[in-house]
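Q: Here you go, one structure.
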Amino acid sequence: MASLDWVTIVIYIALLGLGWMSVCGATYDFGQEGNFFDLSTRSGMQIVWIASSFLLAGVLLAVDERYYDTFAYALYLGFMVLLLVTPFLAHDIKGSLSWIKIGKFSLQPAEFAKFATALCVAKYMGSNDFDISKRLHFVVSCFLILLPMVLIVMQKETGSALVYFAFFLMLYREGMPGAVLFTGVSAVIFFIVGVRFSEDALWGIHAISLGRFLVFLFIWLFAVGLMRVYTHHLPAVMHVFLYGGGLTLAALFFSKYVIPFDITWVQLGVCISMIVYLIYLAIKHHVIRYAYIALFVIGGLGLHYSADHLLNHTLQAHQRTRIRVLLGMEDDPRGVGYNVIQAKIAIGSGGLRGKGFLNGTQTKLKYVPEQETDFIFCTVGEEEGFLGCAVVLLLFLFLILRLIHLAERQPYASGRIYGYCVLSIFLFHVFINVGMVLGLTPVIGIPLPFFSYGGSSLWGFTILLFIFLRIDAGRNRFVRA
Amino acid sequence: MANDRQYSNRKYVLGIIATLIVALYLIRLFSLQLMSDDFKRNADSNAFLRRIQFPARGAIRDRTGKLLVYNQPAYDIMVVMSEMKDVDTLDLCQSLGITREIFDRRMEEIKDRNRNPGYSSYTQQLFMNQLSAEEFSTFQEKLFRFPGFYIQKRSIRQYAHPNGAHILGDVGEVGPADIEADNYYQSGDYIGKLGVERSYERQLRGEKGVEILLRDARGRIKGNYQHGKFDRSPVPGKNLTLSIDLELQQLGERLMRGKLGSIVAIEPATGEVLCMVSSPTYDPRIMVGRQRGRNNRLLTADPMKPLLNRAIMGQYPPGSTFKTSQALTFLEEGIITPQTTYPCSHGFHFGRLTVGCHPHASPIPLIPTIATSCNGYFCWGLYYMLGNRKKYATVQEAMTTWKDYMVSMGFGYPLGIDLPGEKRGLIPNADFYDKHLGKSWNGLSVISIAIGQGEVNLTPLQIANLGATIANRGYYITPHVVKEVQGEELDTIYKTRHYTKASRQNYEVVVAGMRQAVVGGTCHAANNPWYEVCGKTGTAQNRGQDHSVFMGFAPKDDPKIAVAVYVENGGWGATYGVPFGALIMEKYINGKLSPASEEKAEAFANRTISYGSTER
């Protein structure tokens with residue numbers, strides 16, 4: 001018990017306490033007389049979930065940490081089977097097939113599959129002969145992560161499935177080339193920038209789409225950056241940088257001051273020349289990295305054109321609208337944008353100190369949808385104000401930094417890997433959930449850890465955290481042994 | 001284990017990513033929560049429904065306490081679309097007396113968010129407004145058969161008598177300009193549009209109350225905010241007592257039937273307006289409820305302009321009634337004495353200029369001049385005044401002095417009656433003539449103003465006020481139609497005496513002249529055995545038939561009423577003006593008309609003057 005990390009436990013309890021207050025605020029009805037511990041209310045039920053989580057935490061701490069390693073594969077296999085059969089057992093809740101009814105309660109296996117996946121990946125990657133730079137090992141790791149994702153997508157729970165992308169943060173820590181992460185982030189940037197600014201004109205020149213200009217500019221610039229970092233052939237970098245940049249700039253001024261024309265064709269030409277040049281370099285110098293960078297450029301161009309095609313031809317009108325609203329290209333206060341607008345109103349009306357516990361009008365009067373689950377952060381914002389929000393966010397930040405610290409002190413790779421899985425999942429949840437409430441990230445329905453109402457998610461997060469705390473508590477034994 | 005150390009620096013990358021995310025979110029929260037009030041306002045307009053509680057508008061009574069204007073319940077029919085199920089539309093339409101088409105159109109209008117921006121299918125929407133108790137009774141009986149339909153009680157203005165429309169005015173929905181001018185009003189509120197309803201709007205309207213209700217996302221009411229801590233009860237409007245005597249007003253309106261013009265009577269001692277008739281008039285009861293818009297349009301389009309309150313908006317040549325003011329000016333300025341005589345041989349002659357006059361003895365001094373209404377005398381008076389270079393350096397200076405007298409008698413500017421739209425009339429000044437006649441004008445150029453013709457225009461109210469001033473021998477109190485506002489002091493301007501530039505002794509001369517006009521002059525028809533009447537006729541020339549004018553007061557030594565009568569194209573002053581003035585005075589002083597007078601009144605009421613169909 002002495003080696004147990006009480007700091008984390010204190011943060012955990014603090015977050016649960018604040019979370020419970022928010023659930024009270026979100027579900028309380030004006031004029032309601034009953035108390036918050038009444039089991040017929042959500043605040044009362046949340047007490048049950050919290051109490052059972054404490055119990056669960058105690059049990060998890062009592063188990064010898066070596067069992068988690070021992071049963072990791074079995075647990076993973078079991079949960080994969082459960083995820084596979086879930087859609088067939090589930091009853092439909094708002095189109096989602098992820099809930100299984102057990103007696104009076106519904107459980108969401110997807111919430112529990114996270115810890116099993118984390119344990120399994122930790123065990124596999126923590127073995128002594130694992131080397132992430134071996135292609136097979138890397139592919140197997142990815143497979144272990146992507147399998148539950150696919151299964152959860154089949155349950156029509158895309159939000160929960162996306163959480164598994166968090167594992168790539170752990171992979172990065174474990175030595176996955178930064179270029180992979182960079183490529184992923186680049187892809188997201190290319191997609192968002194390309195779509196978001198597709199209808200704006202560059203510099204008042206109507207022939208040029210700002211979105212396409214920026215995407216091509218970024219592709220060129222990123223490729224130059226990659227060449228600079230991953231190859232050591234400076235003249236080649238300078239060629240690409242100067243010729244590409246010069247040509248683009250010249251075309252831009254020509255278009256602005258002489259004859260307006262669509263300079264993205266020039267940029268496309270620059271990119272294609274760059275590809276040809278990179279392939280030439282790859283063959284000439286026998287350096288495969290040039291080919292990878294060429295692939296990056298080709299992928300970037302392909303992504304841009306397919307995003308364009310997807311948005312304007314493949315997607316249906318309502319899906320297109322949803323994306324446009326998410327990216328802030330369209331206002332739709334009564335439709336898709338309603339949630340986000342009401343969330344911003346609720347939070348914005350909180351001011352510095354908030355309206356006080358149970359005094360939030362927007363949440364009480366149900367202006368904010370799903371306010372006790374996905375949009376719970378609105379209640380914090382409205383009732384506790386900026387100060388309350390800051391406390392909550394800093395607690396989460398502190399938790400994540402603390403977990404990094406704990407992970408780094410693990411004597412074995414498997415413990416560290418598991419710790420990174422846990423903290424990456426927390427980070428992803430906070431990033432997406434709070435971001436969507438603030439109107440910064442797309443509305444992906446995932447809960448805010450320890451705040452959102454519901455037993456499955458709370459149990460899921462508790463299990464994730466306390467298995468790690470148990471592993472951490474056992475760190476010294478192995479050193480001594 | 002090999003790569004442990006190699007990549008352990010990456011923990012910083014992850015820590016920095018987490019820190020950056022939290023920092024970005026804190027900045028975002030800062031801008032949402034602390035940089036702008038918009039969200040707070042938005043939230044309040046979301047959650048708080050400010051339900052206005054309308055106060056009862058003040059009632060209006062006449063000077064004897066008879067109720068003139070009061071409130072009557074009316075009913076708005078409201079509908080909640082989401083609750084409307086299995087309604088027999090045909091039955092509903094029948095009990096409301098509307099067609100199926102109207103019903104469907106109304107439903108479409110309610111659902112159209114462009115026209116009805118506050119639409120929600122969960123809240124009450126206005127279906128039909130201001131139904132009277134009769135229209136509504138069938139519907140009420142069947143209300144239980146129409147789920148989703150509700151009744152909202154409102155009150156509408158009701159008039160006990162068809163008289164005094166111009167004084168009482170009416171109420172109507174506020175326009176954008178009203179809301180702009182006073183943020184008390186919201187769209188859909190009612191505001192006084194004309195008459196005292198408008199000029200005493202602030203007193204009559206009372207103070208709206210407000211109930212702050214909590215409204216959920218579907219528009220349902222969830223109770224009072226903080227148990228009604230911030231609610232306010234409405235304060236009812238104040239009642240008004242008019243100075244108008246209903247019976248006198250009714251008599252005036254009866255006499256003016258079929259004629260254009262005005263009768264104004266004032267109590268000289270107080271400035272209270274006893275009656276103010278403008279003809280043609282209209283029944284104020286048609287300006288109530290749902291038919292107001294249509295009737296208002298009809299009245300506006302009427303070429304006889306029934307909406308025009310001629311008593312204060314009609315600007316007429318005062319004719320010979322104006323001679324009294326001239327006599328006062330000339331006496332006060334020493335141009336004449338009561339003994340001065342001027343020649344008049346069928347008028348005023350000077351070179352080729354002639355102002356005609358009727359035959360009478362000549363030359364005569366001032367008092368019989370007023371009694372016989374001699375034109376020549378006053379033309380000479382003005383001529384000598386404007387030409388007096390000993391007293392006035394220039395004709396302009398003389399004119400300015402003359403103008404100052406006129407203004408001191410309440411001419412040329414609005415008197416300030418407590419009714420909207422009062423006109424100022426026209427008293428020309430030196431600048432006016434400089435502009436129109438060049439610098440080289442003299443008394444002859446403007447001579448007709450001496451007899452109340454030419455450029456001079458007065459409102460009937462100003463003529464009546466002239467009568468009141470003479471009755472008071474030199475002062476007037478600003479005429480007003482409201483005698484008392486419940487629980488409020490009357491504005492001091494309706495208590496202050498305004499003295500003219502002429503002195504009391506000179507007024508006595510004019511009074512003697514006006515008395516003689518009744519005893520043995522142009523107004524002899526107004527003479528009666530009960531009290532001493534003083535009067536002055538006017539026969540105002542204009543493009544058509546002369547206007548018949550009378551100005552007088554009675555009793556001579558204890559004046560109770562001053563009256564002005566103006567009948568457009570009525571001919572001689574004695575034709576309509578004198579008998580009407582006499583009847584009004586008799587009715588007011590004696591409290592009733594003698595049988596003979598009653599007969600006369602009835603005969604006059606049935607006489608009409610043909611005006612053709614030209615715009616008036």
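Ordering of the structure tokens sets the chain letters (A, B, ...), residue numbers begin anew at 1 in every chain, and ligands are numbered from 1 in the order given.
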DSSP on the backbone, strand (DSSP E or B) only: what residues of stretch 186-229 of chain A does that give? Format it as a list in words.
A: Ala201, Leu202, Ile205, His206, Ala207, Ile208 and Ser209 of chain A
Q: Keeping only N, CA and C atoms, write those residues as a PDB file, in the first residue's frame.
A:
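And here is the file that came out, selection_29.pdb:
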ATOM      1  N   ALA A 201     -11.836  32.673 -51.845  1.00  0.00           N
ATOM      2  CA  ALA A 201     -10.904  33.016 -52.917  1.00  0.00           C
ATOM      3  C   ALA A 201      -9.609  33.519 -52.303  1.00  0.00           C
ATOM      4  N   LEU A 202      -8.504  33.238 -52.999  1.00  0.00           N
ATOM      5  CA  LEU A 202      -7.195  33.676 -52.505  1.00  0.00           C
ATOM      6  C   LEU A 202      -6.932  35.100 -52.956  1.00  0.00           C
ATOM      7  N   ILE A 205      -8.458  36.914 -55.804  1.00  0.00           N
ATOM      8  CA  ILE A 205      -8.433  36.394 -57.178  1.00  0.00           C
ATOM      9  C   ILE A 205      -9.452  35.265 -57.246  1.00  0.00           C
ATOM     10  N   HIS A 206     -10.533  35.501 -57.963  1.00  0.00           N
ATOM     11  CA  HIS A 206     -11.652  34.576 -57.874  1.00  0.00           C
ATOM     12  C   HIS A 206     -11.366  33.222 -58.494  1.00  0.00           C
ATOM     13  N   ALA A 207     -10.372  33.192 -59.391  1.00  0.00           N
ATOM     14  CA  ALA A 207     -10.093  31.925 -60.071  1.00  0.00           C
ATOM     15  C   ALA A 207      -9.474  30.908 -59.114  1.00  0.00           C
ATOM     16  N   ILE A 208      -8.911  31.385 -58.004  1.00  0.00           N
ATOM     17  CA  ILE A 208      -8.131  30.479 -57.160  1.00  0.00           C
ATOM     18  C   ILE A 208      -8.898  30.118 -55.885  1.00  0.00           C
ATOM     19  N   SER A 209      -9.023  28.827 -55.625  1.00  0.00           N
ATOM     20  CA  SER A 209      -9.619  28.377 -54.379  1.00  0.00           C
ATOM     21  C   SER A 209      -8.558  28.413 -53.290  1.00  0.00           C
TER      22      SER A 209
END
Q: Could I get the residues of chain A with an atom no further than 6 Å from an atom of chain B, each paired with its nearest atom pair and that distance in Å to one decimal, using only C-alpha atoms, sorted by chain and residue number, as CSV?
A:
residue,atom,partner,partner_atom,distance
A:Arg173,CA,B:Arg10,CA,5.6
A:Ile345,CA,B:Phe39,CA,4.8
A:Gly348,CA,B:Gln33,CA,4.2
A:Ser349,CA,B:Lys40,CA,3.9
A:Gly351,CA,B:Gln33,CA,4.5
A:Leu365,CA,B:Asp216,CA,4.2
A:Lys366,CA,B:Ala217,CA,5.5
A:Tyr367,CA,B:Ala217,CA,4.7
Q: Using N, CA and C atoms, can you export the residues from the last selection as a tab-separated table (two decimals), in the first residue's frame?
A:
chain	number	residue	atom	x	y	z
A	173	ARG	N	5.56	6.95	-28.59
A	173	ARG	CA	6.48	6.91	-27.46
A	173	ARG	C	7.39	5.69	-27.55
A	345	ILE	N	-23.54	28.65	-25.69
A	345	ILE	CA	-24.36	29.61	-24.94
A	345	ILE	C	-24.31	29.28	-23.45
A	348	GLY	N	-20.77	29.97	-22.19
A	348	GLY	CA	-20.48	31.40	-22.25
A	348	GLY	C	-21.25	32.20	-21.22
A	349	SER	N	-22.44	31.72	-20.86
A	349	SER	CA	-23.25	32.48	-19.90
A	349	SER	C	-22.74	32.29	-18.47
A	351	GLY	N	-19.72	32.96	-17.25
A	351	GLY	CA	-18.86	34.04	-16.79
A	351	GLY	C	-17.69	33.53	-15.96
A	365	LEU	N	-33.05	23.71	-18.06
A	365	LEU	CA	-34.22	23.80	-18.93
A	365	LEU	C	-34.02	23.02	-20.22
A	366	LYS	N	-33.02	22.16	-20.21
A	366	LYS	CA	-32.80	21.18	-21.30
A	366	LYS	C	-32.46	21.82	-22.64
A	367	TYR	N	-31.84	23.01	-22.60
A	367	TYR	CA	-31.43	23.59	-23.88
A	367	TYR	C	-30.26	22.81	-24.47
Q: Give me the residues within 8 Å of B:Glu272 as a PyMOL selection string, counting only C-alpha atoms and dropping any in the same chain fewer than 4 places off.
A: chain B and resi 243-244+266-268+479-483
Q: Point out the residue among B:Gly410, B:Gly252, B:Pro529, B:Gly612 with the least atom-to-atom distance to B:Tyr588, counting only C-alpha atoms.
A: B:Gly252
Q: Leaving out B:Ile493 and any residue of its chain fewer than 2 positions from it, which residues lie within 12 Å of it when counting only C-alpha atoms, given as a list in words?
A: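 With the cut-off at 12 Å, the set is Thr270, Gly271, Leu415, Gly416, Ile417, Asp418, Tyr476, Ile477, Thr478, Pro479, His480, Glu489, Leu490, Asp491, Lys495, Thr496, Arg497 and His498 of chain B.
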Q: For a quick check of understanding, using only C-alpha atoms, which of A:Ser141, A:Thr117, A:Ser424, A:Ser22 has the smallest distance to A:Gly356?
A: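 The shortest atom-to-atom distance to A:Gly356 comes from A:Ser22.
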